[in-house]
Structure formats: structure tokens, C-alpha cells
$ cat model-v6.cif   # mmCIF, C-alpha atoms and all ligand atoms
data_model
#
loop_
_atom_site.label_atom_id
_atom_site.label_comp_id
_atom_site.auth_asym_id
_atom_site.auth_seq_id
_atom_site.Cartn_x
_atom_site.Cartn_y
_atom_site.Cartn_z
CA MET O 1 118.70 -8.92 17.75
CA VAL O 2 119.04 -9.26 21.49
CA THR O 3 120.93 -11.78 23.55
CA SER O 4 119.00 -14.13 25.79
CA PHE O 5 120.08 -17.05 27.95
CA ILE O 6 117.96 -20.17 28.24
CA GLY O 7 118.35 -22.59 31.15
CA ILE O 8 117.69 -26.20 30.24
CA GLY O 9 117.07 -29.05 32.69
CA SER O 10 115.90 -32.65 32.57
CA ASN O 11 115.56 -35.35 35.21
CA LEU O 12 113.14 -37.78 33.66
CA GLY O 13 113.59 -40.36 30.91
CA ASP O 14 116.50 -40.14 28.49
CA ARG O 15 117.77 -36.83 29.89
CA ALA O 16 120.66 -36.32 27.47
CA ARG O 17 118.44 -36.99 24.48
CA TYR O 18 115.76 -34.58 25.70
CA ILE O 19 118.38 -31.86 26.09
CA THR O 20 119.97 -32.57 22.72
CA VAL O 21 116.63 -32.49 20.93
CA ALA O 22 115.57 -29.32 22.78
CA ILE O 23 118.75 -27.57 21.60
CA ARG O 24 118.15 -28.83 18.08
CA GLN O 25 114.66 -27.35 18.23
CA LEU O 26 115.97 -24.04 19.58
CA LYS O 27 118.15 -23.90 16.48
CA THR O 28 115.06 -24.06 14.27
CA LEU O 29 113.18 -21.18 15.95
CA PRO O 30 112.36 -18.30 13.62
CA ILE O 31 114.47 -15.11 13.79
CA THR O 32 116.68 -16.81 16.35
CA ARG O 33 120.24 -18.08 16.34
CA VAL O 34 121.90 -20.31 18.94
CA SER O 35 125.27 -18.70 19.61
CA LYS O 36 126.73 -20.61 22.58
CA ILE O 37 126.06 -23.88 24.38
CA SER O 38 127.55 -24.70 27.77
CA ARG O 39 128.66 -28.13 28.84
CA ILE O 40 126.02 -30.35 30.35
CA ILE O 41 126.39 -30.92 34.08
CA GLU O 42 124.70 -33.39 36.37
CA THR O 43 123.19 -31.84 39.49
CA LEU O 44 121.26 -32.84 42.57
CA PRO O 45 117.61 -31.78 42.70
CA GLN O 46 117.31 -28.64 44.83
CA GLU O 47 113.56 -28.37 45.23
CA GLY O 48 110.39 -30.43 45.26
CA PRO O 49 109.69 -34.07 46.17
CA ALA O 50 112.43 -36.73 46.15
CA GLN O 51 113.48 -37.23 42.56
CA GLY O 52 116.36 -38.15 40.28
CA LYS O 53 119.41 -36.08 39.40
CA PHE O 54 119.22 -33.43 36.73
CA LEU O 55 121.21 -32.76 33.65
CA ASN O 56 121.50 -29.01 33.14
CA CYS O 57 122.98 -26.65 30.64
CA VAL O 58 122.61 -23.06 29.45
CA VAL O 59 122.27 -21.88 25.88
CA GLN O 60 122.88 -18.37 24.59
CA ILE O 61 120.66 -17.23 21.76
CA GLU O 62 120.39 -14.11 19.64
CA THR O 63 116.77 -13.47 18.85
CA GLU O 64 114.23 -11.04 17.50
CA LEU O 65 111.37 -12.83 19.26
CA PHE O 66 109.78 -10.71 21.98
CA PRO O 67 109.91 -12.17 25.51
CA TYR O 68 106.40 -13.64 25.48
CA GLN O 69 106.91 -15.01 21.98
CA LEU O 70 110.08 -16.67 23.19
CA LEU O 71 108.32 -18.10 26.26
CA GLN O 72 105.57 -19.49 24.03
CA ALA O 73 108.14 -21.04 21.71
CA LEU O 74 109.94 -22.66 24.66
CA GLN O 75 106.68 -24.04 26.04
CA LYS O 76 105.90 -25.49 22.63
CA ILE O 77 109.25 -27.28 22.63
CA GLU O 78 108.60 -28.54 26.17
CA ALA O 79 105.19 -29.89 25.13
CA SER O 80 106.70 -31.65 22.11
CA LEU O 81 109.19 -33.34 24.45
CA ASP O 82 106.66 -35.02 26.72
CA ARG O 83 106.62 -32.32 29.39
CA VAL O 84 103.61 -32.83 31.62
CA ARG O 85 102.90 -30.28 34.35
CA THR O 86 101.72 -31.91 37.59
CA VAL O 87 102.78 -30.49 40.94
CA LYS O 88 105.29 -27.68 41.39
CA ASN O 89 108.91 -28.81 41.04
CA ALA O 90 107.89 -32.28 39.88
CA PRO O 91 110.37 -34.33 37.85
CA ARG O 92 110.40 -33.18 34.23
CA THR O 93 111.54 -34.52 30.89
CA ILE O 94 112.56 -31.02 29.90
CA ASP O 95 112.44 -27.54 31.40
CA LEU O 96 113.29 -24.46 29.37
CA ASP O 97 113.52 -21.21 31.32
CA ILE O 98 114.34 -17.72 30.14
CA LEU O 99 117.15 -16.73 32.47
CA LEU O 100 117.93 -13.34 30.98
CA TYR O 101 116.66 -11.37 28.02
CA ALA O 102 118.83 -8.41 27.03
CA ASP O 103 118.77 -6.08 30.06
CA ILE O 104 115.05 -6.45 30.53
CA SER O 105 113.62 -6.58 34.00
CA MET O 106 109.99 -7.68 34.20
CA HIS O 107 108.07 -9.16 37.08
CA GLU O 108 104.87 -10.74 35.88
CA GLU O 109 103.74 -14.10 37.21
CA ALA O 110 103.71 -15.64 33.75
CA LEU O 111 107.09 -14.18 32.90
CA CYS O 112 109.67 -12.97 35.33
CA ILE O 113 113.05 -11.88 33.94
CA PRO O 114 115.74 -12.25 35.18
CA HIS O 115 114.54 -15.67 36.24
CA PRO O 116 113.67 -15.30 39.94
CA ARG O 117 115.84 -18.12 41.23
CA ILE O 118 118.86 -17.52 39.01
CA LEU O 119 121.11 -16.24 41.79
CA ARG O 120 120.69 -19.16 44.12
CA ARG O 121 120.98 -21.87 41.54
CA ALA O 122 124.53 -23.10 41.12
CA PHE O 123 123.26 -25.39 38.37
CA VAL O 124 122.32 -22.28 36.40
CA LEU O 125 125.21 -20.03 37.36
CA GLY O 126 127.86 -22.67 36.66
CA PRO O 127 126.99 -23.26 33.00
CA LEU O 128 126.17 -19.57 32.56
CA LYS O 129 129.59 -18.62 33.91
CA GLU O 130 131.21 -20.95 31.42
CA ILE O 131 129.68 -19.24 28.38
CA ALA O 132 129.19 -15.70 29.76
CA PRO O 133 131.53 -15.01 32.69
CA ASP O 134 131.00 -11.24 32.48
CA VAL O 135 127.27 -11.69 32.81
CA VAL O 136 127.65 -13.77 35.97
CA ASN O 137 130.15 -11.34 37.46
CA ARG O 138 127.70 -8.54 36.82
CA LEU O 139 124.83 -10.52 38.37
CA LEU O 140 126.76 -11.47 41.48
CA GLY O 141 128.65 -8.22 41.87
CA ALA O 142 132.16 -8.31 43.21
CA GLY O 143 131.19 -10.52 46.18
CA GLY O 144 132.21 -14.11 46.65
CA LYS O 145 128.73 -15.56 46.30
CA TRP O 146 129.86 -17.80 43.48
CA ASN O 147 132.49 -19.44 45.67
CA ASN O 148 129.90 -20.06 48.36
CA LEU O 149 127.61 -21.65 45.85
CA LYS O 150 130.43 -23.78 44.54
CA ARG O 151 131.17 -25.05 48.00
CA LYS O 152 127.62 -26.30 48.31
CA LYS O 153 128.63 -28.95 45.80
CA ALA O 154 125.29 -28.74 44.04
CA ILE O 155 127.08 -29.77 40.92
CA VAL O 156 127.94 -33.42 41.22
CA LYS O 157 129.44 -34.15 37.87
CA LYS O 158 130.42 -32.57 34.61
CA VAL O 159 129.14 -34.75 31.84
CA SER O 160 130.01 -32.71 28.83
CA MET O 161 129.26 -34.38 25.53
CA ARG O 162 132.74 -33.38 24.46
CA GLN O 163 134.32 -35.10 27.46
CA ARG O 164 132.38 -38.26 26.84
CA LYS O 165 133.48 -38.33 23.24
CA THR O 166 137.12 -37.94 24.23
CA LYS O 167 136.78 -40.77 26.73
CA ASN O 168 135.24 -43.07 24.14
CA ASN O 169 137.96 -42.17 21.67
CA ARG O 170 140.57 -42.96 24.28
CA GLN O 171 139.01 -46.34 24.95
CA ARG O 172 139.01 -47.16 21.30
CA SER O 173 142.67 -46.32 20.69
P1 LIG P 201 109.75 -24.00 36.98
O1 LIG P 201 109.64 -22.75 37.81
O2 LIG P 201 110.20 -25.17 37.79
O3 LIG P 201 110.57 -23.79 35.75
P2 LIG P 201 107.55 -24.42 35.16
O4 LIG P 201 108.51 -24.74 34.07
O5 LIG P 201 106.37 -25.34 35.33
O6 LIG P 201 108.26 -24.36 36.57
O7 LIG P 201 107.05 -22.94 34.94
C1 LIG P 201 105.96 -22.41 35.64
C2 LIG P 201 105.59 -21.07 35.05
O8 LIG P 201 106.63 -20.14 35.24
C3 LIG P 201 105.36 -21.05 33.55
O9 LIG P 201 104.03 -21.32 33.24
C4 LIG P 201 105.79 -19.66 33.12
O10 LIG P 201 104.68 -18.87 32.72
C5 LIG P 201 106.36 -19.07 34.39
N1 LIG P 201 107.58 -18.29 34.22
C6 LIG P 201 107.82 -17.12 34.86
N2 LIG P 201 109.00 -16.63 34.53
C7 LIG P 201 109.57 -17.51 33.65
C8 LIG P 201 110.80 -17.53 32.96
N3 LIG P 201 111.71 -16.55 33.11
N4 LIG P 201 111.04 -18.56 32.13
C9 LIG P 201 110.15 -19.56 31.99
N5 LIG P 201 108.95 -19.60 32.63
C10 LIG P 201 108.66 -18.58 33.45
MG MG P 202 110.31 -23.77 33.68
#

$ encode --input "model-v6.cif" --output "C-alpha cells"
Amino acid sequence: MVTSFIGIGSNLGDRARYITVAIRQLKTLPITRVSKISRIIETLPQEGPAQGKFLNCVVQIETELFPYQLLQALQKIEASLDRVRTVKNAPRTIDLDILLYADISMHEEALCIPHPRILRRAFVLGPLKEIAPDVVNRLLGAGGKWNNLKRKKAIVKKVSMRQRKTKNNRQRS
């Protein structure tokens, strides 16, 4: 078993449902176990044409799937959740990226690990830091890059499912 981190994003349609179903499907992958799930955050789009805000989260899995097997499995989940590839960085119902896979470093066009834009994406580093702070510290080194990223205010809102539940409970009581 190796540990891998999957970045999940959605900015089209029922974003929360797409993310919830994607995680449910990750849980059914063969020889794979979902071990940690970050909160879901709402973030501003960083790239591509004008488009709606994203919901993002990061999931930690333990898996025996090889990297390309995992990529294929993720693409299958994306396809089952209405993902249509048009132009680069277009709005998407669901995006599942392999952020890290054990300590592997590979640089092929079809699969680049660590994910090439991981370090400049606060919407990835934030949720990743929540579930794997050591990993983020290692990625960023001792420098204050994380604080700089935080100041960019890329993360507009924390919309954790847990928080929402608490709020609803409070309203009811
Ligand atoms: P985005 O870069 O916005 O996530 P896509 O989801 O459309 O764009 O992915 C484009 C291609 O990136 C995929 O066809 C896939 O082969 C490739 N790719 C390279 N590295 C990775 C990775 N670490 N995780 C997921 N896809 C990757
Ligand atoms: Mg992708």
C-alpha cells in the first residue's frame, strides 16, 4: 500500500453533490482505501476563461493501484460524473488530480507527479495542509510560501459539510 493524495474540484452544476459522489466512488475502487478527507472550501477560479467559483477538497488514499491505473480509475469517475473536456481550464463538473503518489517523481505529459501546479495552488495546499501538514511543510520547505499564498485570499470560504450540519442543527434547536 502507498499513500496518495487526490485533489478534487468542481465548478459546474451541483458542485457539492459531484464532490460527494466522487468521494463515494473513490471508496469503491479496488485495492484502495480512503483514509482522510479534508473540508470542502470554496475558491475563486485561478485559470482559464471567466467562470464560477470552485468547491475543492483533498482526499488521502492508501492504494495498491499503480499510478497509471489510478489515473485511469479517476478519469473513469470523472466521465461517469458528466465531465466533458472542451478547452483547457474550462469549467468542470468534476476534476480529480493525482497530487502526490508515495514519493514518486515522474514527468510524463499524461501523468506528472507531483502535480505540476501543486505549489502555487492555495486551493490545493490549504486542504492538503489540513489533512497532511507534514507533507505540505516538506513540499514548501521552511520558507513562508504558505503565508504568502494565504494572503492572496484565493480561498473565499470554508464550506465544510460538518460546519453546515452544525449550523442547521443550531437553527433547528
Ligand atoms: P487539469 O490540468 O485542469 O486538471 P484535465 O483534468 O483536463 O486538466 O487533465 C489534462 C490531462 O492532464 C489529463 O489527460 C492527464 O493525462 C494529465 N495529467 C498529468 N498529470 C496529471 C496528474 N497528476 N493528475 C491528473 N491528470 C494528470
Ligand atoms: Mg485534472

$ closest_residue --input "model-v6.cif" --among "O:Thr3, O:Ser35, O:Gln72, O:Asn89" --to "ligand LIG 201 (chain P)" --atoms "all atoms listed in the file"
O:Asn89

$ residues_near_ligand --input "model-v6.cif" --ligand "ligand LIG 201 (chain P)" --cutoff "10 Å" --atoms "all atoms listed in the file" --output "ChimeraX atom specification"
/O:5-9,47-48,67-68,70-72,74-75,78,83-92,94-101,106-118

$ residues_around --input "model-v6.cif" --residues "range 14-21 of chain O" --least-positions-apart "2" --cutoff "7 Å" --atoms "all atoms listed in the file" --output "ChimeraX atom specification"
/O:10-12,23-25,55,81,93-94

$ write_last_selection --input "model-v6.cif" --atoms "C-alpha atoms" --output "PDB file, in the coordinates of the input"
ATOM      1  CA  SER O  10     115.900 -32.650  32.570  1.00  0.00           C
ATOM      2  CA  ASN O  11     115.560 -35.350  35.210  1.00  0.00           C
ATOM      3  CA  LEU O  12     113.140 -37.780  33.660  1.00  0.00           C
ATOM      4  CA  ILE O  23     118.750 -27.570  21.600  1.00  0.00           C
ATOM      5  CA  ARG O  24     118.150 -28.830  18.080  1.00  0.00           C
ATOM      6  CA  GLN O  25     114.660 -27.350  18.230  1.00  0.00           C
ATOM      7  CA  LEU O  55     121.210 -32.760  33.650  1.00  0.00           C
ATOM      8  CA  LEU O  81     109.190 -33.340  24.450  1.00  0.00           C
ATOM      9  CA  THR O  93     111.540 -34.520  30.890  1.00  0.00           C
ATOM     10  CA  ILE O  94     112.560 -31.020  29.900  1.00  0.00           C
TER      11      ILE O  94
END

$ atom_distance --input "model-v6.cif" --atom1 "CA of Ile61 in chain O" --atom2 "CA of Leu139 in chain O"
18.4 Å

$ closest_residue --input "model-v6.cif" --among "O:Gly126, O:Ser80, O:Asp103, O:Thr28" --to "Glu42 in chain O" --atoms "only C-alpha atoms"
O:Gly126

$ atom_distance --input "model-v6.cif" --atom1 "CA of Ile77 in chain O" --atom2 "CA of Gln51 in chain O"
22.7 Å

$ closest_residue --input "model-v6.cif" --among "O:Leu26, O:Ile31, O:Ala79, O:Leu140" --to "ligand MG 202 (chain P)" --atoms "all atoms listed in the file"
O:Ala79

$ atom_distance --input "model-v6.cif" --atom1 "CA of Gln46 in chain O" --atom2 "CA of Lys76 in chain O"
25.2 Å

$ axis_aligned_box --input "model-v6.cif" --around "range 8-16 of chain O" --padding-each-side "6 Å" --output "AutoDock Vina command-line options"
--center_x 116.9 --center_y -33.3 --center_z 31.3 --size_x 19.5 --size_y 26.2 --size_z 19.7

$ closest_residue --input "model-v6.cif" --among "O:Pro45, O:Pro133, O:Gly52, O:Pro30" --to "Glu64 in chain O" --atoms "all atoms listed in the file"
O:Pro30

$ closest_residue --input "model-v6.cif" --among "O:Ala73, O:Val136, O:Ile131, O:Val2" --to "Ile40 in chain O" --atoms "only C-alpha atoms"
O:Ile131
